[in-house]
$ cat start.cif   # mmCIF, C-alpha atoms
data_protein
loop_
_atom_site.label_atom_id
_atom_site.label_comp_id
_atom_site.auth_asym_id
_atom_site.auth_seq_id
_atom_site.Cartn_x
_atom_site.Cartn_y
_atom_site.Cartn_z
CA MET A 1 -33.10 -8.19 -79.63
CA PHE A 2 -32.33 -11.15 -77.39
CA ARG A 3 -30.96 -13.17 -80.31
CA LYS A 4 -28.85 -10.24 -81.41
CA ASN A 5 -27.31 -10.01 -77.94
CA ILE A 6 -26.63 -13.76 -77.95
CA ARG A 7 -24.86 -13.50 -81.31
CA HIS A 8 -22.87 -10.54 -80.04
CA ALA A 9 -21.81 -12.48 -76.92
CA VAL A 10 -20.82 -15.51 -79.02
CA HIS A 11 -18.72 -13.30 -81.31
CA ILE A 12 -16.93 -11.82 -78.28
CA LEU A 13 -16.32 -15.28 -76.83
CA ILE A 14 -14.91 -16.55 -80.13
CA PHE A 15 -12.71 -13.45 -80.37
CA PHE A 16 -11.20 -14.06 -76.92
CA ILE A 17 -10.69 -17.76 -77.61
CA LEU A 18 -8.84 -16.92 -80.83
CA LEU A 19 -6.86 -14.23 -79.03
CA CYS A 20 -5.75 -16.76 -76.37
CA ILE A 21 -4.70 -19.21 -79.08
CA VAL A 22 -2.68 -16.53 -80.87
CA VAL A 23 -1.00 -15.37 -77.64
CA LEU A 24 -0.07 -18.94 -76.67
CA LYS A 25 1.30 -19.56 -80.17
CA ILE A 26 3.37 -16.37 -80.08
CA GLU A 27 4.65 -17.25 -76.61
CA ASP A 28 5.75 -20.64 -77.91
CA MET A 29 7.55 -18.94 -80.82
CA LEU A 30 9.29 -16.39 -78.65
CA GLU A 31 10.28 -18.44 -75.59
CA HIS A 32 13.86 -19.55 -75.11
CA LYS A 33 14.20 -23.11 -76.43
CA TYR A 34 16.75 -24.32 -73.90
CA SER A 35 14.20 -25.60 -71.38
CA ALA A 36 12.15 -27.30 -74.08
CA GLY A 37 15.27 -28.99 -75.41
CA LYS A 38 16.32 -30.07 -71.94
CA TYR A 39 13.01 -31.68 -71.01
CA GLY A 40 11.62 -32.55 -74.44
CA ASP A 41 11.73 -36.33 -74.06
CA PHE A 42 10.56 -36.10 -70.44
CA PHE A 43 7.23 -34.63 -71.49
CA THR A 44 6.66 -36.19 -74.90
CA LYS A 45 7.79 -39.81 -74.68
CA ASP A 46 5.41 -42.51 -73.49
CA THR A 47 7.71 -44.14 -71.00
CA GLY A 48 8.59 -44.00 -67.32
CA TYR A 49 11.82 -42.92 -65.67
CA GLU A 50 12.67 -44.83 -62.49
CA VAL A 51 15.73 -42.74 -61.58
CA PHE A 52 16.16 -38.95 -61.54
CA PHE A 53 19.62 -37.40 -61.42
CA MET A 54 19.47 -33.98 -59.78
CA GLY A 55 21.94 -31.17 -59.18
CA SER A 56 23.98 -28.58 -61.04
CA SER A 57 25.86 -28.57 -64.34
CA HIS A 58 28.33 -31.05 -62.83
CA VAL A 59 25.54 -33.63 -63.05
CA GLN A 60 24.21 -32.26 -66.31
CA LEU A 61 27.52 -33.05 -68.03
CA GLY A 62 28.49 -35.89 -65.73
CA VAL A 63 25.72 -38.53 -65.77
CA ASN A 64 24.64 -40.13 -69.04
CA PRO A 65 21.26 -41.95 -68.95
CA MET A 66 21.93 -43.74 -72.23
CA GLU A 67 25.10 -45.38 -70.91
CA LEU A 68 23.11 -46.49 -67.84
CA TYR A 69 20.47 -48.01 -70.08
CA LYS A 70 22.94 -49.81 -72.33
CA LYS A 71 24.97 -51.36 -69.51
CA TYR A 72 22.43 -51.80 -66.70
CA GLY A 73 18.97 -51.37 -68.22
CA ILE A 74 18.27 -48.43 -65.89
CA SER A 75 15.59 -45.99 -67.08
CA SER A 76 16.62 -42.52 -65.96
CA TYR A 77 16.47 -38.83 -66.75
CA ASN A 78 19.08 -36.17 -66.07
CA MET A 79 17.08 -33.38 -64.38
CA ALA A 80 20.11 -31.27 -63.41
CA ASN A 81 20.50 -27.64 -64.42
CA SER A 82 23.34 -25.16 -64.78
CA ALA A 83 24.01 -23.19 -61.58
CA GLY A 84 21.29 -25.27 -59.94
CA ARG A 85 21.08 -24.36 -56.26
CA LEU A 86 19.49 -26.99 -54.00
CA ALA A 87 16.33 -24.87 -53.74
CA VAL A 88 15.92 -25.00 -57.53
CA THR A 89 16.72 -28.72 -57.47
CA TYR A 90 14.05 -29.30 -54.82
CA TRP A 91 11.34 -27.48 -56.77
CA THR A 92 12.40 -29.14 -60.03
CA LEU A 93 11.80 -32.49 -58.34
CA VAL A 94 8.41 -31.40 -56.96
CA ASN A 95 7.25 -30.40 -60.44
CA ALA A 96 8.81 -33.37 -62.24
CA ALA A 97 7.37 -35.95 -59.83
CA GLU A 98 3.87 -34.91 -60.88
CA ILE A 99 4.65 -36.13 -64.39
CA HIS A 100 6.82 -39.19 -63.69
CA GLU A 101 7.26 -40.32 -60.08
CA PRO A 102 10.67 -42.04 -59.76
CA GLU A 103 11.76 -44.96 -57.62
CA LEU A 104 15.11 -43.34 -56.83
CA VAL A 105 16.39 -39.76 -56.75
CA VAL A 106 20.16 -39.24 -56.96
CA VAL A 107 21.25 -35.80 -55.72
CA ASP A 108 24.72 -34.30 -56.09
CA LEU A 109 25.76 -32.05 -53.20
CA PHE A 110 27.89 -29.57 -55.11
CA LEU A 111 26.89 -25.96 -54.25
CA LEU A 112 25.74 -27.01 -50.78
CA ASP A 113 27.70 -23.99 -49.55
CA GLU A 114 25.38 -21.59 -51.42
CA ASP A 115 23.24 -19.49 -49.08
CA THR A 116 20.83 -18.32 -51.79
CA LYS A 117 17.85 -19.98 -53.40
CA THR A 118 18.68 -19.08 -57.00
CA HIS A 119 21.52 -17.76 -59.10
CA GLU A 120 21.47 -13.98 -59.51
CA ASN A 121 20.93 -14.46 -63.26
CA ILE A 122 17.25 -15.34 -63.67
CA ASN A 123 17.95 -16.99 -67.02
CA PHE A 124 19.18 -20.07 -65.17
CA ALA A 125 15.78 -20.36 -63.49
CA HIS A 126 14.07 -20.06 -66.88
CA ARG A 127 16.15 -22.97 -68.09
CA ALA A 128 14.99 -25.05 -65.15
CA PHE A 129 11.27 -24.22 -65.15
CA ASP A 130 9.99 -22.77 -68.45
CA ALA A 131 9.08 -26.16 -69.92
CA PHE A 132 6.95 -27.17 -66.94
CA PRO A 133 3.20 -26.51 -67.18
CA LEU A 134 1.67 -23.66 -65.27
CA ASN A 135 -0.02 -25.33 -62.31
CA ARG A 136 -0.13 -25.11 -58.52
CA SER A 137 3.33 -26.68 -58.05
CA LYS A 138 4.98 -24.26 -60.44
CA TRP A 139 3.16 -21.35 -58.79
CA ARG A 140 4.40 -22.51 -55.36
CA ALA A 141 7.95 -22.89 -56.70
CA VAL A 142 8.09 -19.41 -58.21
CA ASN A 143 6.57 -17.75 -55.16
CA ASP A 144 9.05 -19.50 -52.88
CA LEU A 145 12.14 -18.86 -55.00
CA PHE A 146 11.51 -15.21 -55.92
CA ASP A 147 10.55 -12.25 -53.74
CA ASP A 148 10.27 -9.66 -56.52
CA SER A 149 6.81 -9.49 -58.12
CA GLY A 150 8.33 -8.71 -61.50
CA ASP A 151 10.50 -11.83 -61.36
CA ARG A 152 7.49 -13.90 -60.34
CA THR A 153 5.45 -12.62 -63.26
CA GLU A 154 8.31 -13.26 -65.66
CA MET A 155 8.72 -16.85 -64.44
CA LEU A 156 5.03 -17.69 -64.51
CA PHE A 157 4.35 -15.96 -67.81
CA PRO A 158 7.56 -16.10 -69.88
CA PHE A 159 5.83 -14.13 -72.62
CA ALA A 160 6.54 -11.08 -70.44
CA LYS A 161 10.25 -11.73 -70.90
CA TYR A 162 10.36 -12.90 -74.51
CA HIS A 163 7.92 -10.51 -76.20
CA SER A 164 10.73 -8.42 -77.69
CA ARG A 165 12.69 -11.29 -79.26
CA TRP A 166 11.39 -11.11 -82.84
CA SER A 167 14.82 -10.23 -84.19
CA SER A 168 16.42 -13.43 -82.88
CA LEU A 169 13.82 -16.08 -83.75
CA ASP A 170 16.15 -17.87 -86.14
CA GLU A 171 19.01 -18.14 -83.67
CA GLY A 172 19.71 -21.79 -82.80
CA GLU A 173 18.78 -21.94 -79.14
CA GLY A 174 18.30 -25.65 -78.64
CA ILE A 175 20.84 -27.78 -76.83
CA VAL A 176 22.37 -31.11 -77.73
CA SER A 177 20.66 -33.17 -75.07
CA SER A 178 20.04 -36.88 -74.57
CA LEU A 179 17.46 -37.37 -71.81
CA GLY A 180 18.72 -34.18 -70.18
CA PHE A 181 22.41 -35.08 -70.44
CA GLU A 182 24.60 -32.56 -72.26
CA PHE A 183 27.53 -33.57 -74.44
CA GLY A 184 30.86 -32.35 -73.10
CA ASP A 185 32.88 -32.90 -76.27
CA ALA A 186 35.86 -30.72 -75.39
CA LEU A 187 39.05 -31.56 -73.51
CA PHE A 188 40.72 -29.48 -70.82
CA SER A 189 43.94 -31.28 -69.93
CA GLY A 190 45.04 -28.78 -67.28
CA ALA A 191 42.67 -29.91 -64.50
CA GLU A 192 44.27 -30.88 -61.20
CA ASP A 193 43.05 -33.09 -58.39
CA PRO A 194 42.41 -30.74 -55.45
CA GLY A 195 42.67 -33.56 -52.93
CA ASN A 196 40.12 -34.20 -50.19
CA VAL A 197 39.42 -32.79 -46.76
CA SER A 198 38.96 -35.25 -43.92
CA GLU A 199 35.45 -36.69 -43.65
CA ASP A 200 35.06 -35.44 -40.10
CA VAL A 201 35.61 -31.76 -41.04
CA LEU A 202 32.14 -30.21 -41.24
CA PRO A 203 30.82 -26.73 -42.06
CA LYS A 204 30.20 -24.39 -39.14
CA ASP A 205 27.12 -22.74 -40.67
CA TYR A 206 23.76 -23.99 -41.91
CA THR A 207 23.04 -22.71 -45.41
CA VAL A 208 19.84 -22.28 -47.39
CA SER A 209 21.05 -25.11 -49.64
CA MET A 210 21.35 -27.45 -46.65
CA GLU A 211 17.78 -26.61 -45.68
CA TYR A 212 16.50 -27.50 -49.15
CA ALA A 213 18.55 -30.68 -49.25
CA GLU A 214 16.62 -31.79 -46.16
CA ARG A 215 13.32 -30.67 -47.67
CA LEU A 216 14.09 -32.76 -50.74
CA ILE A 217 14.88 -35.83 -48.64
CA ASN A 218 11.66 -35.43 -46.65
CA PHE A 219 9.65 -34.96 -49.85
CA CYS A 220 10.99 -38.28 -51.11
CA LYS A 221 10.48 -40.12 -47.83
CA GLU A 222 6.84 -39.01 -47.68
CA ARG A 223 6.36 -40.64 -51.10
CA LYS A 224 8.53 -43.70 -50.38
CA ILE A 225 11.09 -42.64 -53.01
CA ASP A 226 14.66 -43.77 -52.30
CA VAL A 227 17.35 -41.10 -52.10
CA LEU A 228 21.04 -41.47 -52.92
CA LEU A 229 23.24 -38.50 -52.08
CA CYS A 230 26.44 -38.26 -54.09
CA TYR A 231 29.34 -36.01 -54.91
CA ILE A 232 30.78 -36.14 -58.43
CA PRO A 233 34.53 -35.63 -58.91
CA CYS A 234 35.39 -32.05 -59.81
CA THR A 235 38.02 -29.42 -59.01
CA GLU A 236 36.32 -27.85 -55.99
CA PRO A 237 38.89 -26.30 -53.61
CA LEU A 238 39.40 -27.72 -50.14
CA GLU A 239 37.85 -24.75 -48.34
CA THR A 240 34.38 -25.43 -49.79
CA GLN A 241 34.66 -29.23 -49.83
CA VAL A 242 33.69 -29.22 -46.14
CA TYR A 243 30.13 -28.47 -47.22
CA HIS A 244 29.67 -31.62 -49.24
CA ASN A 245 30.93 -33.50 -46.17
CA TYR A 246 27.53 -32.59 -44.74
CA GLY A 247 26.35 -35.51 -46.83
CA TYR A 248 27.67 -37.82 -44.11
CA VAL A 249 25.49 -36.01 -41.56
CA LEU A 250 22.42 -36.29 -43.78
CA SER A 251 23.19 -39.95 -44.47
CA GLN A 252 23.14 -40.81 -40.76
CA LYS A 253 20.20 -38.55 -39.90
CA TYR A 254 17.89 -39.94 -42.58
CA ASP A 255 19.34 -43.45 -43.01
CA ILE A 256 20.20 -42.94 -46.67
CA ASP A 257 23.39 -43.56 -48.65
CA PHE A 258 26.02 -40.97 -49.47
CA LEU A 259 28.42 -41.89 -52.27
CA ASP A 260 31.42 -39.54 -52.41
CA LEU A 261 33.04 -40.46 -55.72
CA SER A 262 35.70 -37.77 -55.34
CA ARG A 263 37.47 -39.98 -52.78
CA ARG A 264 37.85 -42.81 -55.29
CA LYS A 265 41.03 -42.06 -57.20
CA ASP A 266 40.46 -44.89 -59.66
CA ILE A 267 37.55 -43.20 -61.47
CA VAL A 268 38.60 -40.04 -63.31
CA ASN A 269 41.87 -38.97 -64.86
CA TYR A 270 42.35 -35.22 -64.42
CA ARG A 271 44.34 -35.05 -67.68
CA THR A 272 41.78 -36.75 -69.91
CA ASP A 273 38.33 -36.47 -68.32
CA PHE A 274 37.49 -32.78 -67.88
CA TYR A 275 35.63 -30.45 -70.20
CA ASP A 276 36.79 -27.08 -68.89
CA ALA A 277 38.64 -25.26 -66.12
CA ASP A 278 35.44 -25.09 -64.03
CA GLY A 279 35.51 -28.77 -63.13
CA HIS A 280 32.88 -30.10 -65.55
CA LEU A 281 33.41 -33.61 -66.92
CA ASN A 282 33.73 -34.32 -70.62
CA LEU A 283 32.23 -37.40 -72.31
CA SER A 284 35.08 -39.63 -71.19
CA GLY A 285 34.76 -38.52 -67.57
CA ALA A 286 30.97 -38.80 -67.75
CA LYS A 287 31.27 -42.40 -68.94
CA LYS A 288 33.45 -43.31 -65.96
CA VAL A 289 31.26 -41.56 -63.38
CA THR A 290 28.12 -43.00 -64.96
CA ASP A 291 29.64 -46.50 -64.77
CA ALA A 292 30.45 -46.01 -61.08
CA LEU A 293 26.95 -44.74 -60.28
CA GLY A 294 25.31 -47.48 -62.34
CA GLU A 295 27.30 -50.20 -60.60
CA TYR A 296 26.31 -48.82 -57.19
CA ILE A 297 22.63 -48.39 -58.07
CA ASP A 298 22.44 -51.85 -59.64
CA ALA A 299 23.91 -53.44 -56.49
CA ASN A 300 21.94 -51.47 -53.87
CA TYR A 301 18.51 -50.52 -55.25
CA ASP A 302 15.61 -52.46 -56.71
CA ILE A 303 15.49 -50.84 -60.14
CA SER A 304 13.97 -52.86 -62.97
CA ASP A 305 15.83 -53.70 -66.18
CA CYS A 306 13.91 -51.90 -68.91
CA ARG A 307 15.86 -53.69 -71.64
CA SER A 308 13.47 -56.63 -71.21
CA SER A 309 10.31 -54.57 -70.57
CA GLU A 310 7.48 -53.51 -72.85
CA GLN A 311 9.24 -50.14 -73.11
CA SER A 312 12.43 -51.62 -74.59
CA GLY A 313 11.46 -50.45 -78.08
CA VAL A 314 11.21 -46.86 -76.89
CA TRP A 315 14.53 -47.09 -75.09
CA ASN A 316 16.26 -48.70 -78.06
CA GLY A 317 14.97 -45.77 -80.09
CA PHE A 318 16.46 -43.38 -77.53
CA TYR A 319 19.77 -45.20 -77.81
CA GLU A 320 19.86 -45.04 -81.60
CA GLU A 321 19.19 -41.30 -81.48
CA TYR A 322 21.96 -40.92 -78.92
CA MET A 323 24.51 -42.89 -80.96
CA LYS A 324 23.60 -40.93 -84.09
CA THR A 325 24.17 -37.65 -82.26
CA TYR A 326 27.38 -39.00 -80.73
CA ALA A 327 28.73 -39.95 -84.17
CA GLU A 328 27.82 -36.54 -85.59
CA ARG A 329 29.64 -34.77 -82.79
CA LEU A 330 32.65 -37.06 -83.18
CA LYS A 331 32.93 -36.44 -86.92
CA GLY A 332 32.71 -32.70 -86.36
CA LEU A 333 35.88 -32.57 -84.25
CA GLU A 334 39.16 -31.35 -85.69
CA ALA A 335 41.57 -31.82 -82.77
CA VAL A 336 42.94 -35.35 -82.38
CA SER A 337 43.02 -34.99 -78.59
CA GLU A 338 39.26 -34.32 -78.39
CA TYR A 339 38.60 -37.07 -80.92
CA LEU A 340 40.52 -39.63 -78.86
CA MET A 341 38.71 -38.47 -75.71
CA MET A 342 35.32 -39.13 -77.33
CA LEU A 343 36.35 -42.63 -78.36
CA ASN A 344 35.99 -43.75 -74.74
CA ASN A 345 32.59 -45.22 -75.53
CA GLY A 346 31.76 -48.85 -74.69
CA ASN A 347 29.92 -49.34 -77.98
CA PHE A 348 32.95 -48.57 -80.15
CA GLU A 349 35.58 -50.76 -81.75
CA VAL A 350 38.60 -48.62 -82.52
CA GLY A 351 41.55 -49.25 -84.80
CA ILE A 352 44.55 -46.92 -84.45
CA TYR A 353 47.58 -46.65 -86.72
CA LEU A 354 50.39 -44.75 -85.04
CA ASP A 355 53.55 -44.10 -87.03
CA GLY A 356 56.67 -45.56 -85.46
CA SER A 357 58.34 -42.14 -85.47
CA VAL A 358 55.80 -40.82 -82.94
CA LYS A 359 57.41 -40.84 -79.49
CA GLU A 360 55.59 -40.66 -76.18
CA SER A 361 58.08 -38.07 -74.96
CA ASP A 362 56.95 -35.74 -77.78
CA TYR A 363 53.20 -36.39 -77.45
CA PRO A 364 52.52 -37.51 -73.86
CA LEU A 365 48.84 -36.47 -73.93
CA ILE A 366 48.17 -38.47 -77.11
CA PHE A 367 49.58 -41.63 -75.53
CA GLU A 368 47.64 -40.98 -72.32
CA LEU A 369 44.40 -40.60 -74.29
CA ILE A 370 45.07 -43.86 -76.13
CA ASP A 371 45.76 -45.57 -72.81
CA ASN A 372 42.46 -44.10 -71.59
CA LEU A 373 40.59 -46.38 -74.01
CA LYS A 374 40.86 -49.40 -71.72
CA GLY A 375 37.13 -50.13 -71.87
CA VAL A 376 37.06 -49.98 -75.67
CA SER A 377 37.79 -52.79 -78.12
CA LEU A 378 41.11 -51.41 -79.36
CA LYS A 379 43.56 -52.54 -82.04
CA THR A 380 46.81 -50.70 -82.59
CA PHE A 381 48.13 -51.24 -86.12
CA GLU A 382 51.83 -51.57 -86.77
CA ARG A 383 53.56 -50.00 -89.74
CA GLY A 384 52.74 -51.91 -92.92
CA GLU A 385 49.26 -53.00 -91.82
CA THR A 386 47.72 -49.86 -93.28
CA ARG A 387 48.36 -47.57 -96.18
CA ALA A 388 47.98 -44.49 -94.04
CA GLU A 389 50.46 -41.75 -94.77
CA ALA A 390 49.51 -39.68 -91.71
CA LYS A 391 51.23 -40.20 -88.38
CA ILE A 392 47.93 -41.27 -86.85
CA GLU A 393 44.89 -42.76 -88.51
CA ILE A 394 41.79 -43.91 -86.65
CA THR A 395 38.89 -46.13 -87.72
CA VAL A 396 35.79 -46.32 -85.55
CA ARG A 397 33.04 -48.95 -85.77
CA ARG A 398 30.01 -49.70 -83.65
CA SER A 399 30.56 -52.92 -81.74
CA ASP A 400 26.87 -53.92 -81.83
CA THR A 401 26.28 -53.47 -85.57
CA GLY A 402 29.77 -53.41 -87.09
CA GLU A 403 28.83 -50.16 -88.85
CA THR A 404 31.76 -47.85 -89.65
CA VAL A 405 31.20 -44.61 -87.77
CA ASP A 406 34.23 -42.69 -89.03
CA SER A 407 37.71 -43.07 -90.47
CA ARG A 408 40.11 -40.16 -90.06
CA SER A 409 43.74 -39.14 -90.14
CA PHE A 410 45.10 -36.28 -88.04
CA ASP A 411 47.96 -33.87 -87.75
CA LEU A 412 49.30 -34.54 -84.26
CA ASP A 413 50.40 -30.96 -83.85
CA LYS A 414 46.85 -29.53 -84.01
#

$ encode --input "start.cif" --output "structure tokens"
Amino acid sequence: MFRKNIRHAVHILIFFILLCIVVLKIEDMLEHKYSAGKYGDFFTKDTGYEVFFMGSSHVQLGVNPMELYKKYGISSYNMANSAGRLAVTYWTLVNAAEIHEPELVVVDLFLLDEDTKTHENINFAHRAFDAFPLNRSKWRAVNDLFDDSGDRTEMLFPFAKYHSRWSSLDEGEGIVSSLGFEFGDALFSGAEDPGNVSEDVLPKDYTVSMEYAERLINFCKERKIDVLLCYIPCTEPLETQVYHNYGYVLSQKYDIDFLDLSRRKDIVNYRTDFYDADGHLNLSGAKKVTDALGEYIDANYDISDCRSSEQSGVWNGFYEEYMKTYAERLKGLEAVSEYLMMLNNGNFEVGIYLDGSVKESDYPLIFELIDNLKGVSLKTFERGETRAEAKIEITVRRSDTGETVDSRSFDLDK
């Protein structure tokens, strides 16, 4: 009888173990893949990340870790998320630091005017947190960010949200991400510089986002992590710009740097460097902002050069994956304006044939985009040096390998 009961108990235990395995497998199948795509390399690659870039989608599309690695040897990860309030940014850092503790955290102060912890659409929170393991830090984050018990359950156990998604399993939900950076491969040429409010004009209220900015700074100081506050160029109107001026207050209060790149008019071109009407940077704008941040970090912080470290092989692998993806996105473009925008890449050599009949007065944006390639090895062919029949033909090679990436001709009117 005793042995029979033991066998019965073992069978029950095995059943529940198998049930747990099945449930976890189904949850993995059904969950939204955005978060996994965003943080995939952060969890799976055997390397460290000395710099975290935190903030909203302005950072997500505006700071490119691979360009930082190639030019400065900085090992970094873009931890920013769409609609990322400072409360979400703070808890993202708390969870991420348990996996890789950085030497420097760079935080963009866009959305400092927000007086809420999260966006009203909970899907943005899923993007930020789903990939993180269920542990005490994630439990604390969810319980702080959400008051509704249903929302808390959904965030801690995403299976509760995704159980009905069988019909959409084959929908491509991943993102094109390189160490958390998203490719802004479109061009919005209608962006306008909003100007800047005076540095001494400060907000009259104290928002929830300001509170969490200070919590983030204190979290870093307790762990001897450097903090760099920044503000990335965008199209934010003057009336809300006063909130990012609070960065000057935080800089003095905590003895940390605040780098307001929006006041430097030599960085972005509002005709060539924006992805959309919402003020997000495209790949050209991201390259310029990344260069400015990299130059500042390299000059002011003690960050090691991983190009000469034991991890260089891993990082070179990252870079090859990035350049492969970059080339694929480039070759998939049909509009010459977007194609020229994407050519603003320091690892390209570009040859351009432009027919003599093409006048700047007829195609001002095309000429501006060509002029935008100042950091690229550029050769402009005269008539007779090529057999091209199109009014513009472009050849792109990698400057490090000499490999031909693409060769295309375009209709200038598309």

$ closest_atom_pairs --input "start.cif" --of "segment 124-219 of chain A" --to "segment 330-343 of chain A" --cutoff "12 Å" --atoms "all atoms listed in the file" --output "CSV"
residue,atom,partner,partner_atom,distance
A:Phe183,CA,A:Met342,CA,10.0
A:Gly184,CA,A:Met342,CA,9.2
A:Asp185,CA,A:Met342,CA,6.8
A:Ala186,CA,A:Glu338,CA,5.8
A:Leu187,CA,A:Glu338,CA,5.6
A:Phe188,CA,A:Glu338,CA,9.1
A:Ser189,CA,A:Ser337,CA,9.5

$ residues_around --input "start.cif" --residues "segment 205-220 of chain A" --least-positions-apart "3" --cutoff "8 Å" --atoms "all atoms listed in the file" --output "PyMOL selection string"
chain A and resi 85-87+90+93+105+111-117+223-227+250+254

$ atom_distance --input "start.cif" --atom1 "atom CA of Tyr49 of chain A" --atom2 "atom CA of Gly285 of chain A"
23.4 Å

$ closest_residue --input "start.cif" --among "A:Val88, A:Glu67, A:Pro102, A:Ser35" --to "Arg127 of chain A" --atoms "all atoms listed in the file"
A:Ser35

$ atom_distance --input "start.cif" --atom1 "atom CA of Thr235 of chain A" --atom2 "atom CA of Asp108 of chain A"
14.5 Å

$ closest_residue --input "start.cif" --among "A:Ser409, A:Ser262, A:Gln252, A:Gln311" --to "Ala292 of chain A" --atoms "only C-alpha atoms"
A:Ser262

$ resolve_selection --input "start.cif" --expression "the PyMOL selection byres ((chain A and resi 242) around 9)" --output "JSON, numbers by chain"
{"A": [113, 197, 198, 199, 200, 201, 202, 203, 238, 239, 240, 241, 243, 244, 245, 246]}

$ closest_residue --input "start.cif" --among "A:Met79, A:Ile352, A:Val107, A:Met155" --to "Asn95 of chain A" --atoms "all atoms listed in the file"
A:Met79

$ atom_distance --input "start.cif" --atom1 "atom CA of Thr44 of chain A" --atom2 "atom CA of Leu281 of chain A"
28.0 Å

$ closest_residue --input "start.cif" --among "A:Gly48, A:Pro158, A:Gly356, A:Gly180" --to "Phe129 of chain A" --atoms "only C-alpha atoms"
A:Pro158

$ resolve_selection --input "start.cif" --expression "the PyMOL selection byres ((chain A and resi 133-139) around 10)" --output "MDAnalysis selection string"
chainID A and resid 91:92 94:96 98 129:132 140:144 152 155:157

$ resolve_selection --input "start.cif" --expression "the PyMOL selection byres ((chain A and resi 411) around 9)" --output "list in words"
Ala335, Val336, Ala390, Lys391, Ile392, Ser409, Phe410, Leu412, Asp413 and Lys414 of chain A

$ write_last_selection --input "start.cif" --atoms "C-alpha atoms" --output "mmCIF file, in the coordinates of the input"
data_model
loop_
_atom_site.group_PDB
_atom_site.id
_atom_site.type_symbol
_atom_site.label_atom_id
_atom_site.label_comp_id
_atom_site.auth_asym_id
_atom_site.auth_seq_id
_atom_site.Cartn_x
_atom_site.Cartn_y
_atom_site.Cartn_z
ATOM 1 C CA ALA A 335 41.570 -31.820 -82.770
ATOM 2 C CA VAL A 336 42.940 -35.350 -82.380
ATOM 3 C CA ALA A 390 49.510 -39.680 -91.710
ATOM 4 C CA LYS A 391 51.230 -40.200 -88.380
ATOM 5 C CA ILE A 392 47.930 -41.270 -86.850
ATOM 6 C CA SER A 409 43.740 -39.140 -90.140
ATOM 7 C CA PHE A 410 45.100 -36.280 -88.040
ATOM 8 C CA LEU A 412 49.300 -34.540 -84.260
ATOM 9 C CA ASP A 413 50.400 -30.960 -83.850
ATOM 10 C CA LYS A 414 46.850 -29.530 -84.010
#

$ closest_residue --input "start.cif" --among "A:His119, A:Gly375, A:Ile394, A:Glu368" --to "Asp355 of chain A" --atoms "only C-alpha atoms"
A:Ile394
